[in-house]
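S.K.: Handing you a structure now.
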Amino acid sequence: MTRYVLRRLGRGLLTIFVSVTLVFFIVRAMPSDPVSLMISPQMSKAAQEQLMHTYGLDQPLLTQYVLYMKELLIGNMGISFAKRIPVTELIASRLPYTLVLLAVVMLIVCAIGIPLGVYAATHKGKLADRIISVLVTVGISIFIPFMAFLLLYIFAFRLKVLPTGGAYTPPMKEGMAFVADVARHIVLPALALAITNFANAVLYTRNSMIDVMHEDYIRTARAKGADEKRVVHKHALNNALIPTVTVIGMQIGIMVGGATVTETVFSWPGIGRLIYDSVNALDYPTLQGTFLVMAVAVVIMSFIVDLVVARLDPRIKLGD
Amino acid sequence: MQKRKGFLYYFVRNRNGMIGLAGVLLIVLVGTIGPLFIPKPEGYTMDILLAPSSEHWLGTDNVGLDIFAEIVWGARTSLYVSILAMLIAGVIGIPLGLICGYTHGILADIIDALIDIFMTLPMLPLMIIMAAVMGTSITNVALILGIFSWPQLARVTKNQTLKIREQQYIEAASCLGISKGSILFKHVLINTSGPVFVNMTLVMASAVLTEASLSFLGLGDPTTWSWGTILKRAWSQNAVISNPNPWWWWLMPSLCVVIYVVCFNLLGTALNDCLNPKGRE
Amino acid sequence: MPDSEALLRVEHLSKFFPVKKHRLFEEQSYVHAVEDVSFSVNAGETLGIVGESGSGKSTLARTILALTPSTSGDVYYQGEKITDFKVGHAEQKRLRSQMQMIFQDPYASLNPKLKIGDAISEPMLANGQASSRAEAEKKTRELLEVVGLRPEVFDRYPHEFSGGQRQRIGIVRALAVNPKLMFCDESVSALDVSVQAQVLNLFNSLKNEFNLTYVFIGHDLSVVRYISDRILVMYLGKVMEITGYDQLFSEKTHPYTQALVSAIPEPSTAPRKNRIILEGDIPSAVNPPKGCRFCQRCFKAMPECSEVEPEMREVEPGHFVRCHLYDPKEANER
C-alpha cells in the first residue's frame with residue numbers, strides 16, 4: 001500500500017511538473033509579445049520598464065522559469081496580464097462554475113447512462129439494444145458544436161424555454177433565486193457536454209456487462225435459482241462497472257479544462273472558456289494557472305478512479 | 001492465405017463496416033475530385049442567405065457564397081488534415097511503441113512514462129495553445145494533431161509488441177543472427193499491424209473532430225475552407241438564434257463532421273471485429 | 001573427457017531468474033533454473049540431454065546460445081571463451097551462424113506473416129552466407145530439396161504446412177547459415193510419432209552430410225537414446241549423470257536415470273515387472289531441496305542424501321554420476 005501511494009504520488013507530481021513546464025515554454029514561444037498588448041504608447045519609458053519588471057519579463061527565460069516554479073511552491077501563480085488580478089483569484093472565481101457543470105454531467109451519465117447500458121446488455125440483440133447501439137455510435141462521434149447548436153436551436157430559439165448562454169441573467173440575484181437561475185442556464189451546456197461521456201458510459205457498461213454475464217459465477221448464481229434482477233444488480237453490475245468508471249473518471253478529469261468548446265459556445269464562465277480568452281489575450285500567467293489546475297484535476301481523478309475500482313473489485317489490492 | 005480470406009469474408013458481411021467504408025469512400029471522392037469541378041468560394045455575391053434550392057443545393061451564407069461549395073472544399077481540408085495527422089502520429093507512435101514494448105531499460109521506461117502522461121493531459125487546451133503559437137495553417141494544425149495523437153498509437157503498438165516479443169519466432173530470429181533492428185521493424189512490426197491499423201482509422205476520426213473544433217475557435221487556416229471555419233462564421237453571425245433562421249448554414253457543416261467521424265468509427269469497429277476472431281459473429 | 005578436442009565446453013554455468021517481489025523490503029529470491037553445469041561436446045558426436053520438463057534443459061541451451069544472459073560460469077567454443085557471446089561483432093556473427101537451434105514448436109517458431117523463402121533467406125543475407133537475394137534463393141531451393149520439401153514452398157506462408165513440414169523448414173533455416181553445432185530443443189516432441197521417426201532419421205542423415213555436431217534435448221529418453229552417442233541427465237537444474245550410450249544400462253547409473261530407463265516402452269507383450277514409478281512432482285526450483293536434489297523422490301534414498309549434496313564422480317571411464325550410492329567412503333563401510 002505504501003509503495004502504491006508513493007508510486008502514485010510520484011507519477012502524479014511528474015504529470016503536474018511536465019504539464020506546467022510544457023505550458024510555460026510553449027506559451028513563451030508565442031509569436032506575439034504580451035508586453036506590446038499591455039503597454040500603451042502614452043506610457044513613459046520608465047513606467048514601461050517598471051511594468052516589465054513587475055511581471056518579471058525583463059529576466060532571462062530560465063530565470064523566469066525558476067522564479068515561477070519557486071513562487072508556485074508557495075501557492076503564488078502570478079498576476080494575470082489581462083485582468084491585473086492574481087491568477088489564483090481569477091481561477092477561484094471560475095472553478096466553481098466548471099465544477100458545477102461537471103457535477104451535472106456526472107449526474108446525467110451515472111443516473112441515465114449506466115442504467116441504459118445495463119438495459120441494453122440484458123436485452124442484447126433485441127430492437128431496443130440495436131437502437132441504443134446506433135445512438136451510441138453517433139454519440140461517441142458527436143461534434144460538440146453540432147450538439148450545442150441543435151440544443152440552442154430547439155430550446156432557446158424555437159421553444160424559447162431556456163437561455164442562450166452565460167451562467168446567470170444579470171444582475172446577479174441572491175440566494176435561491178440565483179440557484180434557480182444558474183440551474184436554468186446549466187441545462188444546455190451540461191447536455192451538450194454530457195453526450196460523449198453518456199455514450200461512452202452506455203457503451204462500456206453494455207459491453208462489459210455482456211462479458212460478465214457469460215462468466216461462470218453468474219451462471220452459478222443463476223443455477224442456484226437466484227432472482228434474475230438480483231443476479232444482474234448484485235453479481236454482474238459491480239464487475240461490469242469497472243471499465244465504465246475508469247473511462248468516465250479520466251474523462252471528467254480532462255474536462256476540467258477540456259470543455260473549452262462547450263463553454264465558449266454557451267459563454268459559460270468556467271476554466272475552459274478562461275483558456276480560450278487567455279490565449280486570445282496572451283495572458284501567460286493565467287494560461288499556466290489553468291493548466292496547473294487541469295493537471296491537478298487529472299491526477300486527483302485518476303487516484304479516485306483507482307480507489308473506486310479497488311472497492312468494486314476485491315481482487316485488486318492497491319499494493320501490487 | 002486462409003486468415004486473410006477469413007478477414008475479407010467477415011468484413012464484406014459486416015453491415016456497419018460496409019456503411020462506414022461507403023461513407024469514407026464518398027468523403028474521399030468528394031474531397032479529392034470535388035474541388036476540381038467546383039471553384040473555391042471567394043469574395044462575395046448578392047445572393048445573401050438563400051435557402052437551399054436547385055441553384056444552391058445547400059443555400060448560401062451571409063456574404064452570398066454557396067455552402068455546398070464551401071463544404072466540398074472543407075472536405076478536402078478534413079481529408080488532408082486527418083491523413084497527415086495519422087501519418088505523423090504513426091511515424092512517431094509506432095517506433096516508440098515498438099521500442100517501449102521490446103526493450104527493457106531506461107529508454108523504455110521514459111517512453112512508457114511519456115505515454116502515460118500524454119494520455120492523461122487535457123489535449124484540446126494544449127492544442128489550442130500550440131495552434132496559437134505556431135500560427136494558423138492547415139499543415140500546422142495537422143502537425144499539432146499528429147504530435148498529440150502519437151501516444152494512443154504508441155500504447156497500442158506497445159501492448160501488441162509485448163505479446164509478440166514472447167513468441168518463439170522472435171527468439172528464433174535472434175538465434176539466427178538477425179539484428180535487433182530488423183527483428184523489431186520487420187518481424188515484430190508486421191505482426192502488430194492489425195490493431196495498429198484499426199487505431200489509425202480512429203486517429204483520423206478524432207483528428208477531424210479536433211480540427212473542426214480548432215477552426216471553430218478561430219485557430220484554423222483563414223485562407224482555406226474547413227467545416228469548422230464555416231461554423232465559426234455562422235456562429236459569429238448568431239446564425240443559430242437569428243430570425244429568420246438560416247438553418248442550412250450551421251446545420252450542414254456540423255452534420256458533415258458528425259457523418260465523417262461516424263463513418264470512420266464504424267469502419268474502425270468493423271475492422272476490429274473482423275480482425276479479432278471473437279467478434280466475428 | 002578429452003577436453004582439448006572439445007567443440008563446446010561448459011564450465012560451472014548457472015542461470016538464476018529473479019522472482020518478482022511482492023513487498024518492498026522482501027529478500028530477493030531466485031529460480032535456480034540451471035546451477036553449476038559442466039560438460040563438453042566433441043566435434044562430430046551427438047550429446048543427448050534428458051530430464052523432466054522444468055529441469056532446466058531448455059534454459060541451459062538458451063544460456064549457452066546467449067539468448068538469455070548467464071548468471072555465472074563460462075562457455076568455450078573451439079577453446080575460446082564465448083560466455084554470453086561477449087566477443088567482437090564479427091566473431092559474434094560467426095558464432096551465430098556456427099551454433100544453431102531447432103525449436104520445439106514448429107508452429108510457433110516460424111513468423112506467420114513471413115513467406116517461407118524470406119524466412120530462410122533473411123539469416124543467410126544477414127550473416128553473409130549469401131551475398132544477393134538470387135543467391136540466397138538458389139541455396140534455399142537446394143536445401144529444401146535436401147530435407148525432402150518441394151522447392152515451390154518458397155512462396156508459401158507457414159500456416160499452409162503440417163507440423164512435420166514446418167519442422168523441416170525450421171531445419172533448412174538453421175542449415176542455411178552453415179552451422180557446425182546444432183541444438184535440437186525438444187525438436188520432435190510436438191510431432192506425431194510417425195513423423196518423429198522421419199525427422200529423427202533426417203537429423204541422422206544431415207549429420208553426416210553437413211558434418212554436424214548435435215546437442216539433442218528431450219524429455220523422452222527413448223527418443224534421445226535413439227540419436228545420441230552420450231547422454232547427460234538433468235534434474236532440477238543440475239547434472240545428475242553423464243554417460244556413454246552403452247553404459248546407460250549398466251548397474252552403476254543414477255537412480256533417477258534408472259527410473260527414466262525403466263519408463264522406456266519395450267516391444268514386448270510380457271507384463272513388465274520392474275517399472276520404477278517416481279512419486280510426486282519435480283520440486284520447486286526456487287527453494288531446491290537441501291542435500292541431493294532428487295532425495296525426496298528417490299527410491300534408494302539414504303539419511304545422508306537429504307543432508308549432504310553428492311559430488312560428481314567418475315564411476316567408470318567416461319561415466320559420471322552424482323549420487324551417494326557410489327561414494328568410495330560408503331563402499332568401504334559396507
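Lettering and numbering for the C-alpha cells are positional, with chains as A, B, ... in the shown order, residues counted from 1 in each chain, and ligands counted from 1 in the shown order.
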Go through stretch 159-298 of chain C and collect every residue that DSSP, computed from the backbone, puts in alpha helix (DSSP H); the answer should be as a VMD selection string.
M.R.: chain C and resid 163 to 175 193 to 210 221 to 227 255 to 262
S.K.: I'd like the neighbourhood of stretch 202-207 of chain A as a PyMOL selection string, where a residue qualifies if any of its atoms comes within 12 Å (using only C-alpha atoms), though same-chain residues fewer than 6 positions away should be ignored.
M.R.: (chain A and resi 108-125+129-130+132-140+194-196+213-214+236-248) or (chain B and resi 279)
S.K.: For stretch 184-190 of chain B, find every residue with an atom within 7 Å (counting only C-alpha atoms), except residues of its own chain fewer than 2 positions away, and show them as a ChimeraX atom specification.
M.R.: /B:98,161,164,180-182,192-193 /C:113
S.K.: Could the residues in this selection be written to a file with C-alpha atoms, as a PDB file, in the first residue's frame?
M.R.:
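For reference, part_4.pdb as written:
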ATOM      1  CA  LEU B  98       7.884  -0.915 -30.621  1.00  0.00           C
ATOM      2  CA  THR B 161       4.713  -5.820 -29.063  1.00  0.00           C
ATOM      3  CA  ILE B 164       4.699 -10.750 -29.795  1.00  0.00           C
ATOM      4  CA  LYS B 180      17.703  -6.313 -33.250  1.00  0.00           C
ATOM      5  CA  GLY B 181      16.588  -3.540 -35.567  1.00  0.00           C
ATOM      6  CA  SER B 182      15.489  -5.978 -38.239  1.00  0.00           C
ATOM      7  CA  THR B 192       1.336  -5.748 -34.846  1.00  0.00           C
ATOM      8  CA  SER B 193      -0.273  -4.302 -37.943  1.00  0.00           C
TER       9      SER B 193
ATOM     10  CA  LYS C 113       3.446 -13.270 -41.699  1.00  0.00           C
TER      11      LYS C 113
END
S.K.: Which is closest to C:Asp192 among C:Val75, C:His89, C:Ser162, C:Ile169, if we use only C-alpha atoms?
M.R.: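 Looking at the shortest contact to C:Asp192, the residue is C:Ser162.
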S.K.: Extract, using only C-alpha atoms, all DNA, RNA and protein residues at most 8 Å from stretch 44-58 of chain B, discarding same-chain residues fewer than 3 positions from it, and format them as JSON, numbers by chain.
M.R.: {"B": [61, 62, 63, 64, 65, 66, 67, 68, 246, 248, 249, 252]}
S.K.: Please identify every residue of chain A that has at least one atom no more than 8 Å from any atom of chain B, counting only C-alpha atoms, and report them as number ranges by chain.
M.R.: A: 15, 19, 23, 26-27, 29-31, 137-138, 141-143, 145-146, 149-150, 152-153, 156-157, 250, 254-255, 257-258, 260-261, 272, 275-276, 279, 294-295, 298
S.K.: Need the shell around C:Val188: protein/DNA/RNA residues with any atom at most 8 Å away, counting only C-alpha atoms. Skip same-chain ones fewer than 2 positions apart. Format as a ChimeraX atom specification?
M.R.: /C:104,186,190-191,196,199-200
S.K.: Can you write out the residues you just picked, keeping N, CA and C atoms, as a compact mmCIF listing (two decimals), in the first residue's frame?
M.R.:
# COMPACT_ATOMS: atom_id res chain seq x y z
N GLN C 104 11.33 -26.23 -30.35
CA GLN C 104 10.38 -27.27 -30.01
C GLN C 104 9.12 -27.21 -30.87
N GLU C 186 13.91 -30.25 -27.88
CA GLU C 186 12.64 -30.98 -27.95
C GLU C 186 12.09 -30.93 -29.37
N ALA C 190 6.77 -32.22 -30.40
CA ALA C 190 5.45 -31.72 -30.78
C ALA C 190 4.87 -32.48 -31.98
N LEU C 191 5.64 -33.44 -32.52
CA LEU C 191 5.20 -34.10 -33.75
C LEU C 191 4.55 -35.45 -33.46
N GLN C 196 7.84 -38.20 -36.05
CA GLN C 196 9.04 -38.13 -35.21
C GLN C 196 10.16 -38.96 -35.79
N VAL C 199 11.72 -37.45 -38.88
CA VAL C 199 12.57 -36.29 -38.62
C VAL C 199 13.87 -36.72 -37.93
N LEU C 200 13.77 -37.71 -37.03
CA LEU C 200 14.98 -38.20 -36.38
C LEU C 200 15.95 -38.77 -37.42
S.K.: Residues of chain C within 10 Å of chain B, counting only C-alpha atoms, what are they? List them as number ranges by chain.
M.R.: C: 62, 65-68, 92-114, 119-120, 122-127, 156-160, 170, 173-174, 176-177
S.K.: For stretch 229-246 of chain C, work out the shell of residues within 7 Å, counting only C-alpha atoms and skipping chain neighbours fewer than 5 positions away, then give it as a list in words.
M.R.: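 Counting only C-alpha atoms, the residues come to His32, Ala33, Val34, Glu35, Asp36, Val37, Glu45, Thr46, Leu47, Gly48, Ile49, Val50, Gly51, Gly54, Ser55, Gly56, His254, Ala285, Arg293, Gly318, His319, Phe320, Val321 and Arg322 of chain C.
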